>>> print(open('entry.tsv').read())   # TSV, C-alpha atoms and all ligand atoms
chain	number	residue	atom	x	y	z
A	53	MET	CA	165.86	-94.60	10.55
A	54	SER	CA	164.17	-96.73	7.93
A	55	VAL	CA	160.63	-97.80	8.77
A	56	LEU	CA	160.78	-100.53	6.11
A	57	PHE	CA	163.65	-102.08	8.05
A	58	SER	CA	162.05	-101.79	11.46
A	59	PRO	CA	160.63	-104.95	13.06
A	60	TYR	CA	156.93	-105.70	12.97
A	61	ALA	CA	154.93	-108.07	15.17
A	62	LEU	CA	152.25	-110.23	13.61
A	63	GLY	CA	150.88	-111.40	16.95
A	64	PRO	CA	153.53	-113.61	18.49
A	65	LEU	CA	155.60	-113.69	15.29
A	66	THR	CA	158.09	-110.84	14.97
A	67	LEU	CA	159.35	-110.03	11.49
A	68	ARG	CA	162.79	-108.44	11.19
A	69	ASN	CA	161.57	-105.96	8.60
A	70	ARG	CA	158.43	-105.01	6.68
A	71	ILE	CA	159.32	-106.72	3.39
A	72	VAL	CA	157.15	-109.71	2.52
A	73	ILE	CA	157.88	-112.02	-0.39
A	74	ALA	CA	154.47	-112.40	-2.03
A	75	PRO	CA	153.18	-115.89	-2.84
A	76	MET	CA	154.08	-116.96	-6.37
A	77	CYS	CA	152.83	-120.13	-8.06
A	78	GLN	CA	155.64	-122.08	-9.68
A	79	TYR	CA	153.57	-124.75	-11.48
A	80	SER	CA	156.49	-127.07	-10.86
A	81	ALA	CA	155.18	-129.66	-8.41
A	82	GLU	CA	154.39	-133.29	-9.22
A	83	ASN	CA	151.18	-134.63	-7.71
A	84	GLY	CA	151.33	-131.58	-5.44
A	85	ASN	CA	154.82	-132.48	-4.21
A	86	ALA	CA	157.53	-129.85	-3.90
A	87	GLY	CA	160.76	-130.88	-5.61
A	88	ASP	CA	164.18	-129.65	-6.59
A	89	TRP	CA	162.79	-126.48	-8.16
A	90	HIS	CA	161.17	-125.48	-4.87
A	91	MET	CA	164.44	-126.14	-3.07
A	92	ILE	CA	166.28	-123.81	-5.45
A	93	HIS	CA	163.55	-121.17	-5.72
A	94	LEU	CA	162.48	-120.94	-2.08
A	95	GLY	CA	166.05	-121.50	-0.92
A	96	GLN	CA	167.24	-118.51	-2.92
A	97	LEU	CA	164.40	-116.32	-1.62
A	98	ALA	CA	165.10	-117.40	1.97
A	99	LEU	CA	168.56	-115.82	1.63
A	100	SER	CA	167.14	-112.48	0.45
A	101	GLY	CA	166.87	-110.76	3.83
A	102	ALA	CA	163.09	-110.18	3.56
A	103	GLY	CA	161.01	-110.22	6.74
A	104	LEU	CA	158.68	-113.02	5.63
A	105	LEU	CA	158.55	-115.55	2.81
A	106	VAL	CA	155.08	-116.67	1.74
A	107	ILE	CA	155.05	-119.97	-0.13
A	108	GLU	CA	152.94	-120.05	-3.30
A	109	ALA	CA	149.20	-120.85	-3.43
A	110	THR	CA	149.05	-124.41	-2.13
A	111	ALA	CA	146.01	-126.51	-2.90
A	112	VAL	CA	144.07	-128.08	-0.05
A	113	GLU	CA	142.64	-130.80	-2.29
A	114	ASP	CA	143.76	-132.15	-5.65
A	115	ILE	CA	140.81	-130.70	-7.59
A	116	GLY	CA	141.65	-127.32	-6.04
A	117	ARG	CA	144.86	-127.07	-8.05
A	118	ILE	CA	144.97	-124.45	-10.80
A	119	SER	CA	147.20	-126.74	-12.85
A	120	LEU	CA	148.67	-130.21	-12.58
A	121	GLY	CA	151.89	-128.52	-11.43
A	122	ASP	CA	150.42	-126.74	-8.41
A	123	LEU	CA	151.86	-127.31	-4.98
A	124	GLY	CA	149.52	-129.21	-2.66
A	125	LEU	CA	149.21	-130.00	1.01
A	126	TYR	CA	146.51	-132.66	0.75
A	127	SER	CA	148.53	-135.85	1.18
A	128	ASP	CA	151.22	-137.36	3.37
A	129	ASP	CA	153.55	-137.29	0.35
A	130	ASN	CA	152.92	-133.55	-0.11
A	131	GLU	CA	153.72	-132.94	3.53
A	132	ALA	CA	156.93	-134.98	3.42
A	133	ALA	CA	158.10	-133.30	0.19
A	134	LEU	CA	157.58	-129.80	1.56
A	135	GLY	CA	159.18	-130.90	4.82
A	136	ARG	CA	162.41	-131.69	2.97
A	137	VAL	CA	162.50	-128.23	1.39
A	138	LEU	CA	161.74	-126.51	4.68
A	139	ALA	CA	164.40	-128.47	6.53
A	140	ALA	CA	167.03	-127.27	4.05
A	141	ILE	CA	165.83	-123.67	4.27
A	142	ARG	CA	165.87	-123.76	8.05
A	143	ARG	CA	169.47	-124.95	8.09
A	144	HIS	CA	170.57	-121.83	6.21
A	145	SER	CA	168.05	-119.09	6.98
A	146	ARG	CA	166.18	-117.66	9.95
A	147	MET	CA	163.51	-116.10	7.74
A	148	PRO	CA	159.98	-116.93	8.91
A	149	VAL	CA	158.07	-118.91	6.29
A	150	ALA	CA	154.32	-118.70	5.74
A	151	ILE	CA	152.19	-120.71	3.33
A	152	GLN	CA	149.25	-119.57	1.25
A	153	LEU	CA	146.45	-122.16	1.39
A	154	GLY	CA	143.94	-122.04	-1.40
A	155	HIS	CA	141.48	-123.77	-3.66
A	156	ALA	CA	141.12	-122.69	-7.27
A	157	GLY	CA	137.41	-123.56	-7.56
A	158	ARG	CA	136.21	-122.87	-11.09
A	159	LYS	CA	139.69	-121.64	-12.12
A	160	ALA	CA	141.16	-125.12	-11.57
A	161	SER	CA	141.98	-127.70	-14.25
A	162	SER	CA	144.08	-125.34	-16.39
A	163	HIS	CA	147.42	-125.22	-18.13
A	164	ALA	CA	150.34	-123.38	-16.57
A	165	PRO	CA	150.55	-119.76	-17.81
A	166	TRP	CA	153.61	-120.48	-19.93
A	167	ASP	CA	151.52	-123.12	-21.77
A	168	GLY	CA	148.75	-120.57	-22.37
A	169	GLY	CA	146.75	-120.94	-19.15
A	170	GLN	CA	143.64	-122.26	-20.93
A	171	CYS	CA	141.40	-125.03	-19.53
A	172	LEU	CA	142.75	-128.57	-19.82
A	173	ALA	CA	141.07	-130.76	-22.42
A	174	PRO	CA	139.72	-134.14	-21.28
A	175	ALA	CA	142.64	-135.92	-22.98
A	176	GLU	CA	145.04	-133.70	-21.05
A	177	GLY	CA	143.62	-134.81	-17.71
A	178	ALA	CA	140.87	-132.21	-17.20
A	179	TRP	CA	138.75	-132.65	-14.10
A	180	GLN	CA	135.35	-131.42	-12.97
A	181	THR	CA	135.79	-128.13	-11.15
A	182	VAL	CA	133.63	-126.87	-8.28
A	183	ALA	CA	132.38	-123.39	-7.35
A	184	PRO	CA	129.57	-121.65	-5.46
A	185	SER	CA	127.44	-121.63	-8.63
A	186	ALA	CA	127.57	-123.48	-11.94
A	187	LEU	CA	128.90	-120.40	-13.78
A	188	SER	CA	132.03	-120.59	-15.92
A	189	HIS	CA	134.83	-118.10	-15.35
A	190	ALA	CA	134.83	-117.13	-19.05
A	191	PRO	CA	132.46	-117.86	-21.90
A	192	GLY	CA	133.10	-121.23	-23.50
A	193	GLU	CA	134.86	-122.73	-20.48
A	194	PRO	CA	133.43	-125.91	-18.95
A	195	PRO	CA	131.02	-124.96	-16.13
A	196	PRO	CA	131.88	-125.88	-12.55
A	197	LEU	CA	129.66	-127.98	-10.35
A	198	ALA	CA	127.89	-125.94	-7.66
A	199	LEU	CA	129.04	-127.19	-4.26
A	200	ASP	CA	126.30	-128.84	-2.20
A	201	ALA	CA	126.30	-129.19	1.58
A	202	ALA	CA	128.52	-132.27	1.47
A	203	GLY	CA	130.92	-130.51	-0.93
A	204	LEU	CA	131.17	-127.47	1.32
A	205	ALA	CA	131.90	-129.68	4.30
A	206	ARG	CA	134.56	-131.57	2.32
A	207	VAL	CA	136.32	-128.38	1.19
A	208	LYS	CA	136.24	-126.90	4.67
A	209	ALA	CA	137.69	-130.10	6.13
A	210	ALA	CA	140.40	-130.03	3.44
A	211	PHE	CA	141.40	-126.49	4.47
A	212	VAL	CA	141.57	-127.59	8.11
A	213	ARG	CA	143.65	-130.69	7.33
A	214	ALA	CA	146.08	-128.65	5.21
A	215	ALA	CA	146.38	-126.05	8.00
A	216	GLN	CA	147.18	-128.85	10.47
A	217	ARG	CA	149.83	-130.14	8.09
A	218	ALA	CA	151.26	-126.61	7.83
A	219	ASP	CA	151.48	-126.48	11.60
A	220	ALA	CA	153.05	-129.94	11.76
A	221	LEU	CA	155.69	-128.72	9.28
A	222	GLY	CA	156.57	-125.88	11.64
A	223	LEU	CA	155.48	-123.19	9.20
A	224	ASP	CA	155.33	-119.80	10.86
A	225	ALA	CA	152.04	-118.44	9.51
A	226	ILE	CA	149.12	-119.22	7.21
A	227	GLU	CA	147.70	-116.93	4.56
A	228	LEU	CA	144.25	-117.95	3.41
A	229	HIS	CA	143.83	-117.24	-0.31
A	230	ALA	CA	140.54	-115.39	-0.76
A	231	ALA	CA	141.71	-113.31	-3.74
A	232	HIS	CA	142.26	-113.48	-7.52
A	233	GLY	CA	139.00	-115.18	-8.41
A	234	TYR	CA	139.76	-118.48	-6.67
A	235	LEU	CA	137.19	-120.43	-4.66
A	236	LEU	CA	136.83	-118.25	-1.55
A	237	HIS	CA	136.74	-115.09	-3.66
A	238	GLN	CA	134.14	-116.81	-5.87
A	239	PHE	CA	131.92	-117.07	-2.79
A	240	LEU	CA	132.43	-113.40	-1.91
A	241	SER	CA	131.78	-111.94	-5.36
A	242	PRO	CA	128.22	-111.59	-6.64
A	243	LEU	CA	129.69	-112.11	-10.12
A	244	ALA	CA	130.53	-115.73	-9.33
A	245	ASN	CA	128.12	-116.48	-6.49
A	246	GLN	CA	124.47	-116.62	-7.47
A	247	ARG	CA	123.34	-119.12	-4.89
A	248	ASP	CA	119.92	-118.75	-3.33
A	249	ASP	CA	120.74	-120.53	-0.06
A	250	ALA	CA	122.46	-119.28	3.10
A	251	TYR	CA	125.77	-118.96	1.16
A	252	GLY	CA	124.57	-116.57	-1.55
A	253	GLY	CA	122.69	-113.34	-2.07
A	254	ALA	CA	123.23	-110.77	0.69
A	255	LEU	CA	126.79	-109.83	1.63
A	256	GLU	CA	126.42	-111.63	4.96
A	257	ASN	CA	125.58	-114.84	3.09
A	258	ARG	CA	128.39	-114.49	0.53
A	259	MET	CA	130.90	-114.02	3.36
A	260	ARG	CA	129.58	-117.05	5.25
A	261	PHE	CA	131.67	-119.83	3.68
A	262	PRO	CA	135.00	-117.92	3.67
A	263	LEU	CA	134.38	-116.96	7.31
A	264	GLU	CA	133.49	-120.55	8.22
A	265	VAL	CA	136.73	-121.71	6.61
A	266	PHE	CA	138.67	-119.01	8.48
A	267	ASP	CA	137.07	-119.99	11.81
A	268	ALA	CA	137.77	-123.68	11.23
A	269	ILE	CA	141.44	-123.02	10.41
A	270	ARG	CA	141.87	-120.59	13.29
A	271	ALA	CA	140.44	-123.19	15.69
A	272	ALA	CA	142.64	-125.96	14.26
A	273	VAL	CA	146.08	-124.37	14.66
A	274	PRO	CA	147.76	-123.08	17.83
A	275	ALA	CA	147.26	-119.46	18.90
A	276	ARG	CA	150.96	-118.76	18.28
A	277	MET	CA	150.41	-119.25	14.55
A	278	PRO	CA	149.18	-116.11	12.76
A	279	VAL	CA	146.38	-116.75	10.28
A	280	GLY	CA	145.82	-113.94	7.78
A	281	VAL	CA	143.79	-113.56	4.61
A	282	ARG	CA	144.62	-112.31	1.13
A	283	ILE	CA	141.70	-110.58	-0.54
A	284	SER	CA	140.94	-108.92	-3.82
A	285	ALA	CA	139.68	-105.56	-2.55
A	286	THR	CA	137.73	-104.99	-5.76
A	287	ASP	CA	136.71	-107.01	-8.82
A	288	TRP	CA	137.24	-103.90	-10.99
A	289	VAL	CA	133.79	-104.64	-12.49
A	290	ASP	CA	130.59	-102.67	-11.84
A	291	GLY	CA	128.23	-104.69	-9.67
A	292	GLY	CA	131.06	-106.86	-8.37
A	293	TRP	CA	132.93	-107.12	-5.08
A	294	ASP	CA	134.27	-103.75	-3.93
A	295	VAL	CA	136.13	-101.88	-1.20
A	296	ALA	CA	133.06	-101.31	1.01
A	297	GLN	CA	132.34	-105.06	1.03
A	298	SER	CA	136.04	-105.76	1.62
A	299	ILE	CA	135.97	-103.56	4.69
A	300	ALA	CA	132.91	-105.41	6.02
A	301	PHE	CA	134.68	-108.73	5.36
A	302	GLY	CA	137.87	-107.45	7.02
A	303	GLN	CA	135.92	-106.33	10.08
A	304	ALA	CA	134.28	-109.75	10.36
A	305	LEU	CA	137.73	-111.36	10.05
A	306	ALA	CA	139.18	-109.02	12.67
A	307	GLN	CA	136.46	-110.06	15.12
A	308	ARG	CA	137.43	-113.68	14.51
A	309	GLY	CA	141.10	-113.22	15.33
A	310	CYS	CA	142.53	-112.67	11.87
A	311	SER	CA	146.21	-111.65	12.11
A	312	PHE	CA	146.66	-109.66	8.90
A	313	ILE	CA	144.99	-108.73	5.66
A	314	HIS	CA	146.89	-108.78	2.38
A	315	VAL	CA	145.29	-106.49	-0.17
A	316	SER	CA	145.36	-107.45	-3.83
A	317	SER	CA	142.61	-107.05	-6.45
A	318	GLY	CA	140.86	-108.57	-9.44
A	319	GLY	CA	140.84	-112.06	-10.89
A	320	VAL	CA	137.19	-113.04	-10.75
A	321	SER	CA	136.04	-111.76	-14.12
A	322	PRO	CA	137.56	-111.38	-17.59
A	323	LEU	CA	135.61	-108.09	-17.79
A	324	GLN	CA	137.88	-106.45	-15.19
A	325	LYS	CA	139.53	-103.15	-16.08
A	326	ILE	CA	142.61	-102.75	-13.88
A	327	PRO	CA	144.31	-99.33	-13.79
A	328	LEU	CA	147.85	-100.71	-13.68
A	329	GLY	CA	150.60	-98.38	-12.54
A	330	PRO	CA	153.24	-98.07	-9.81
A	331	GLY	CA	151.72	-99.03	-6.45
A	332	TYR	CA	148.26	-99.25	-8.03
A	333	GLN	CA	146.79	-101.32	-5.18
A	334	VAL	CA	148.28	-99.25	-2.35
A	335	PRO	CA	145.22	-96.93	-2.09
A	336	LEU	CA	143.08	-100.05	-1.67
A	337	ALA	CA	145.34	-101.27	1.14
A	338	GLU	CA	145.15	-97.86	2.79
A	339	GLN	CA	141.35	-97.82	2.73
A	340	ILE	CA	141.18	-101.35	4.13
A	341	LYS	CA	143.70	-100.52	6.84
A	342	ARG	CA	141.73	-97.44	7.90
A	343	GLY	CA	138.38	-99.25	7.76
A	344	VAL	CA	139.45	-102.48	9.41
A	345	GLY	CA	142.49	-101.71	11.56
A	346	LEU	CA	144.23	-105.06	11.04
A	347	PRO	CA	147.92	-105.27	10.16
A	348	THR	CA	147.79	-104.66	6.41
A	349	VAL	CA	150.04	-105.76	3.56
A	350	ALA	CA	150.17	-103.68	0.37
A	351	VAL	CA	151.23	-105.33	-2.90
A	352	GLY	CA	151.36	-104.60	-6.60
A	353	LEU	CA	154.06	-102.87	-8.64
A	354	VAL	CA	156.08	-101.81	-5.66
A	355	THR	CA	159.49	-102.01	-7.23
A	356	GLU	CA	161.69	-99.37	-5.60
A	357	PRO	CA	163.01	-99.26	-2.03
A	358	ALA	CA	162.13	-95.57	-1.61
A	359	GLN	CA	158.59	-96.33	-2.78
A	360	ALA	CA	158.24	-99.19	-0.25
A	361	GLU	CA	159.69	-96.99	2.50
A	362	ALA	CA	157.23	-94.19	1.70
A	363	ILE	CA	154.25	-96.58	1.90
A	364	VAL	CA	155.07	-97.82	5.41
A	365	LYS	CA	156.29	-94.42	6.58
A	366	ALA	CA	153.00	-92.78	5.58
A	367	GLY	CA	151.09	-95.59	7.30
A	368	GLU	CA	149.33	-96.59	4.08
A	369	ALA	CA	150.21	-100.17	4.97
A	370	ASP	CA	152.21	-101.93	7.67
A	371	LEU	CA	154.01	-104.33	5.37
A	372	VAL	CA	154.87	-104.30	1.68
A	373	ALA	CA	154.88	-107.45	-0.43
A	374	ILE	CA	157.08	-107.80	-3.49
A	375	ALA	CA	156.58	-110.44	-6.18
A	376	ARG	CA	158.06	-109.88	-9.64
A	377	ALA	CA	160.79	-107.48	-8.53
A	378	ILE	CA	162.28	-110.06	-6.18
A	379	LEU	CA	162.28	-112.74	-8.86
A	380	PHE	CA	164.19	-110.33	-11.07
A	381	GLU	CA	166.53	-109.29	-8.28
A	382	PRO	CA	166.58	-111.97	-5.55
A	383	HIS	CA	168.64	-109.77	-3.22
A	384	TRP	CA	166.24	-106.83	-3.59
A	385	PRO	CA	166.10	-106.36	0.21
A	386	TRP	CA	169.92	-106.06	0.28
A	387	ARG	CA	169.76	-103.25	-2.24
A	388	ALA	CA	166.85	-101.70	-0.32
A	389	ALA	CA	168.85	-101.81	2.92
A	390	ALA	CA	171.82	-100.25	1.15
A	391	GLU	CA	169.71	-97.45	-0.34
A	392	LEU	CA	167.86	-96.78	2.92
A	393	GLY	CA	170.94	-96.92	5.16
A	394	ALA	CA	169.62	-99.95	7.01
A	395	GLN	CA	170.91	-103.42	7.79
A	396	VAL	CA	169.90	-106.80	6.49
A	397	GLU	CA	170.64	-110.36	7.44
A	398	ALA	CA	172.83	-112.21	4.96
A	399	PRO	CA	174.34	-115.69	5.06
A	400	PRO	CA	177.97	-115.78	6.24
A	401	GLN	CA	179.00	-117.44	2.98
A	402	TYR	CA	178.15	-114.14	1.23
A	403	TRP	CA	179.48	-111.63	3.77
A	404	ARG	CA	182.54	-110.88	1.65
A	405	SER	CA	180.23	-109.41	-0.99
A	406	GLN	CA	179.50	-106.42	1.27
A	407	PRO	CA	180.61	-103.34	-0.64
A	408	ARG	CA	183.51	-101.48	0.98
A	409	GLU	CA	181.51	-98.27	1.33
A	410	LEU	CA	178.60	-100.11	3.02
A	411	LYS	CA	180.50	-101.51	5.95
A	412	ALA	CA	177.46	-101.85	8.20
A	413	LEU	CA	175.08	-103.44	5.67
A	414	PHE	CA	175.36	-106.93	7.14
A	415	GLY	CA	176.57	-105.39	10.44
A	416	ASP	CA	174.48	-106.28	13.45
A	417	ALA	CA	172.70	-108.84	11.35
A	418	ARG	CA	175.70	-111.09	11.88
A	419	ILE	CA	174.90	-111.28	15.57
A	420	GLY	CA	172.74	-114.28	16.22
A	421	GLN	CA	173.40	-115.68	12.78
A	422	ARG	CA	173.24	-119.45	12.96
B	501	LIG	C1	154.90	-115.82	-11.13
B	501	LIG	C2	153.77	-115.29	-10.28
B	501	LIG	C3	153.02	-116.19	-9.54
B	501	LIG	C4	152.00	-115.73	-8.70
B	501	LIG	N1	151.33	-116.61	-7.90
B	501	LIG	C5	150.49	-116.14	-6.93
B	501	LIG	C6	150.00	-117.00	-5.92
B	501	LIG	O1	150.35	-118.18	-5.83
B	501	LIG	N2	149.12	-116.47	-5.03
B	501	LIG	C7	148.75	-115.16	-5.06
B	501	LIG	O2	147.95	-114.74	-4.23
B	501	LIG	N3	149.27	-114.31	-5.97
B	501	LIG	C8	150.15	-114.77	-6.88
B	501	LIG	N4	150.74	-113.89	-7.75
B	501	LIG	C9	150.50	-112.45	-7.58
B	501	LIG	C10	151.59	-111.83	-6.72
B	501	LIG	O3	151.61	-112.38	-5.41
B	501	LIG	C11	151.44	-110.30	-6.61
B	501	LIG	O4	150.26	-110.00	-5.95
B	501	LIG	C12	151.44	-109.63	-7.99
B	501	LIG	O5	152.44	-110.17	-8.83
B	501	LIG	C13	151.65	-108.12	-7.86
B	501	LIG	O6	152.86	-107.85	-7.20
B	501	LIG	P1	154.21	-107.39	-8.02
B	501	LIG	O7	153.85	-106.20	-8.82
B	501	LIG	O8	155.21	-107.11	-6.92
B	501	LIG	O9	154.63	-108.55	-8.89
B	501	LIG	C14	151.72	-114.35	-8.63
B	501	LIG	C15	152.47	-113.46	-9.41
B	501	LIG	C16	153.50	-113.91	-10.21
B	501	LIG	C17	154.32	-112.92	-10.99
>>> encode(input="entry.tsv", output="structure tokens", more="lines below")
Ligand SMILES: Cc1cc2nc3c(=O)[nH]c(=O)nc-3n(C[C@H](O)[C@H](O)[C@H](O)COP(=O)(O)O)c2cc1C
Amino acid sequence: MSVLFSPYALGPLTLRNRIVIAPMCQYSAENGNAGDWHMIHLGQLALSGAGLLVIEATAVEDIGRISLGDLGLYSDDNEAALGRVLAAIRRHSRMPVAIQLGHAGRKASSHAPWDGGQCLAPAEGAWQTVAPSALSHAPGEPPPLALDAAGLARVKAAFVRAAQRADALGLDAIELHAAHGYLLHQFLSPLANQRDDAYGGALENRMRFPLEVFDAIRAAVPARMPVGVRISATDWVDGGWDVAQSIAFGQALAQRGCSFIHVSSGGVSPLQKIPLGPGYQVPLAEQIKRGVGLPTVAVGLVTEPAQAEAIVKAGEADLVAIARAILFEPHWPWRAAAELGAQVEAPPQYWRSQPRELKALFGDARIGQR
């Protein structure tokens, strides 16, 4: 029996299997609005048979967008545009859909990666970024404005409003983006946070704003909606954020009713040295899972079904997220189910694709198919 293809409960939300589609920015929105690309991209992924689809990092205010093409959930138009995409997905897929809510902080106001990813110039529509401290991400980049009390309150309220919009859209879960060097990670990491007030200095102070944002979101959405957090478990820089601090943060989140922790790494400093390799972040996930005890998602160069199966079977993580491999092979979970002798849900329009020798691949999954 495959563990990867066994169900998993995230609180009241039961996933059909342990495969999560990791959030992936598409830089293809207009004024934060999802459009045809999102319909095609998310629609395709919603037919993949994964247990959960996490929509890309979605900005809670316009200046929190990484690029002008980022998805947003800060306006009525944004909500309506995403609503259209979700309605189409729901007509053709039963896959639960989560959304990653984030704010880019000092990493905002940039070009899309395929245009080089550098900071926008004023003539290109650059805007003043915000952060815990007025420290640029990289030398030569325009410095952010350090958030004052009013700024902190505004950002927190923006997270809450976006979470309420996510709930109104019927999304199934929220993932708070506290990884990859974006605003909430900037508060956690001593490399980006050099405040001398209650939000900087000691670990307890650096965790304060991310925890306040978590509490405010948790209080604003119904209990049936899981709220989890994606973290960078280490900055991969000496003197930066690390696994011990991540465990302390995870424990504080667990006490506050966090539903899951999604373990990534890096992104806060150009000085990072990441030891890339197959499953390179899995040992981080395992340490966080052991130290915190929350449902844990592992991610990062998990590309093979047997590899994903081994991770959940060994209890290194409860769920495995896949990003690039599922863009390359949008039916990756079908292949995984085939290789692991399991079953996967597929749309009836595609049932005739079931290989003759894999008679049961879409077997029971047909039952209950809308
Ligand atoms: C095109 C692309 C966009 C991404 N956008 C996001 C994002 O919006 N939020 C996030 O937390 N990580 C993002 N990531 C990181 C992935 O979620 C994932 O953690 C990373 O790619 C490692 O997993 P993989 O080896 O399976 O690709 C992105 C990655 C890719 C390739």
>>> residues_near_ligand(input="entry.tsv", ligand="ligand LIG 501 (chain B)", cutoff="8 Å", atoms="all atoms listed in the file", output="compact mmCIF listing (two decimals) with C-alpha atoms, keeping the file's coordinate frame")
# COMPACT_ATOMS: atom_id res chain seq x y z
CA ALA A 74 154.47 -112.40 -2.03
CA PRO A 75 153.18 -115.89 -2.84
CA MET A 76 154.08 -116.96 -6.37
CA CYS A 77 152.83 -120.13 -8.06
CA GLN A 78 155.64 -122.08 -9.68
CA ILE A 107 155.05 -119.97 -0.13
CA GLU A 108 152.94 -120.05 -3.30
CA ALA A 109 149.20 -120.85 -3.43
CA THR A 110 149.05 -124.41 -2.13
CA GLN A 152 149.25 -119.57 1.25
CA HIS A 229 143.83 -117.24 -0.31
CA ALA A 231 141.71 -113.31 -3.74
CA HIS A 232 142.26 -113.48 -7.52
CA ARG A 282 144.62 -112.31 1.13
CA SER A 316 145.36 -107.45 -3.83
CA GLY A 331 151.72 -99.03 -6.45
CA VAL A 351 151.23 -105.33 -2.90
CA GLY A 352 151.36 -104.60 -6.60
CA LEU A 353 154.06 -102.87 -8.64
CA VAL A 354 156.08 -101.81 -5.66
CA THR A 355 159.49 -102.01 -7.23
CA ALA A 373 154.88 -107.45 -0.43
CA ILE A 374 157.08 -107.80 -3.49
CA ALA A 375 156.58 -110.44 -6.18
CA ARG A 376 158.06 -109.88 -9.64
CA ALA A 377 160.79 -107.48 -8.53
CA ILE A 378 162.28 -110.06 -6.18
>>> closest_atom_pairs(input="entry.tsv", of="range 222-291 of chain A", to="range 335-346 of chain A", cutoff="10 Å", atoms="only C-alpha atoms", output="CSV")
residue,atom,partner,partner_atom,distance
A:Gly280,CA,A:Leu346,CA,9.6
A:Ser284,CA,A:Leu336,CA,9.4
A:Ala285,CA,A:Leu336,CA,6.5
A:Thr286,CA,A:Leu336,CA,8.4
>>> residues_near_point(input="entry.tsv", point="(130.1, -127.6, -16.0)", cutoff="9 Å", atoms="only C-alpha atoms", output="compact mmCIF listing (two decimals) with C-alpha atoms, in the coordinates of the input")
# COMPACT_ATOMS: atom_id res chain seq x y z
CA GLN A 180 135.35 -131.42 -12.97
CA THR A 181 135.79 -128.13 -11.15
CA VAL A 182 133.63 -126.87 -8.28
CA ALA A 186 127.57 -123.48 -11.94
CA LEU A 187 128.90 -120.40 -13.78
CA SER A 188 132.03 -120.59 -15.92
CA GLU A 193 134.86 -122.73 -20.48
CA PRO A 194 133.43 -125.91 -18.95
CA PRO A 195 131.02 -124.96 -16.13
CA PRO A 196 131.88 -125.88 -12.55
CA LEU A 197 129.66 -127.98 -10.35
CA ALA A 198 127.89 -125.94 -7.66
>>> closest_residue(input="entry.tsv", among="A:Leu223, A:Ala366, A:Leu56, A:Ala86", to="Ala133 in chain A", atoms="all atoms listed in the file")
A:Ala86
>>> residues_around(input="entry.tsv", residues="Leu99 in chain A", least_positions_apart="3", cutoff="12 Å", atoms="only C-alpha atoms", output="ChimeraX atom specification")
/A:73,92-96,102-105,140-149,378,382-386,396-403
>>> axis_aligned_box(input="entry.tsv", around="range 408-417 of chain A", padding_each_side="6 Å", output="JSON")
{"center_x": 178.1, "center_y": -103.6, "center_z": 7.2, "size_x": 22.8, "size_y": 22.6, "size_z": 24.5}
>>> closest_residue(input="entry.tsv", among="A:Leu123, A:Leu204, A:Ile115, A:Ile363", to="Ala178 in chain A", atoms="all atoms listed in the file")
A:Ile115
>>> closest_residue(input="entry.tsv", among="A:Val281, A:Arg270, A:Ser119, A:Trp288", to="Ile326 in chain A", atoms="only C-alpha atoms")
A:Trp288
>>> residues_around(input="entry.tsv", residues="Pro357 in chain A", least_positions_apart="3", cutoff="7 Å", atoms="all atoms listed in the file", output="compact mmCIF listing (two decimals) with C-alpha atoms, in the coordinates of the input")
# COMPACT_ATOMS: atom_id res chain seq x y z
CA ALA A 360 158.24 -99.19 -0.25
CA GLU A 361 159.69 -96.99 2.50
CA ALA A 388 166.85 -101.70 -0.32
>>> residues_around(input="entry.tsv", residues="His237 in chain A", least_positions_apart="3", cutoff="9 Å", atoms="all atoms listed in the file", output="JSON, numbers by chain")
{"A": [229, 230, 231, 232, 233, 234, 240, 241, 244, 262, 283, 284, 293, 319, 320]}
>>> atom_distance(input="entry.tsv", atom1="CA of Pro274 in chain A", atom2="CA of Val137 in chain A")
22.7 Å
>>> residues_around(input="entry.tsv", residues="Phe57 in chain A", least_positions_apart="2", cutoff="6 Å", atoms="all atoms listed in the file", output="compact mmCIF listing (two decimals) with C-alpha atoms, in the frame of the given file")
# COMPACT_ATOMS: atom_id res chain seq x y z
CA SER A 54 164.17 -96.73 7.93
CA VAL A 55 160.63 -97.80 8.77
CA ASN A 69 161.57 -105.96 8.60
>>> closest_residue(input="entry.tsv", among="A:Ala150, A:Arg247, A:Gln324, A:Leu235", to="Leu67 in chain A", atoms="all atoms listed in the file")
A:Ala150
>>> closest_residue(input="entry.tsv", among="A:Glu176, A:Glu131, A:Asp248, A:Asp224", to="Val112 in chain A", atoms="all atoms listed in the file")
A:Glu131
>>> atom_distance(input="entry.tsv", atom1="CA of Pro174 in chain A", atom2="CA of Ile118 in chain A")
15.2 Å
>>> residues_around(input="entry.tsv", residues="Arg117 in chain A", least_positions_apart="3", cutoff="10 Å", atoms="all atoms listed in the file", output="ChimeraX atom specification")
/A:79,83-84,109-114,120-124,154-157,159-162,181
>>> closest_residue(input="entry.tsv", among="A:Phe301, A:Phe312, A:Phe239, A:Tyr251", to="Asp370 in chain A", atoms="only C-alpha atoms")
A:Phe312
>>> atom_distance(input="entry.tsv", atom1="CA of Val279 in chain A", atom2="CA of Ala369 in chain A")
17.8 Å
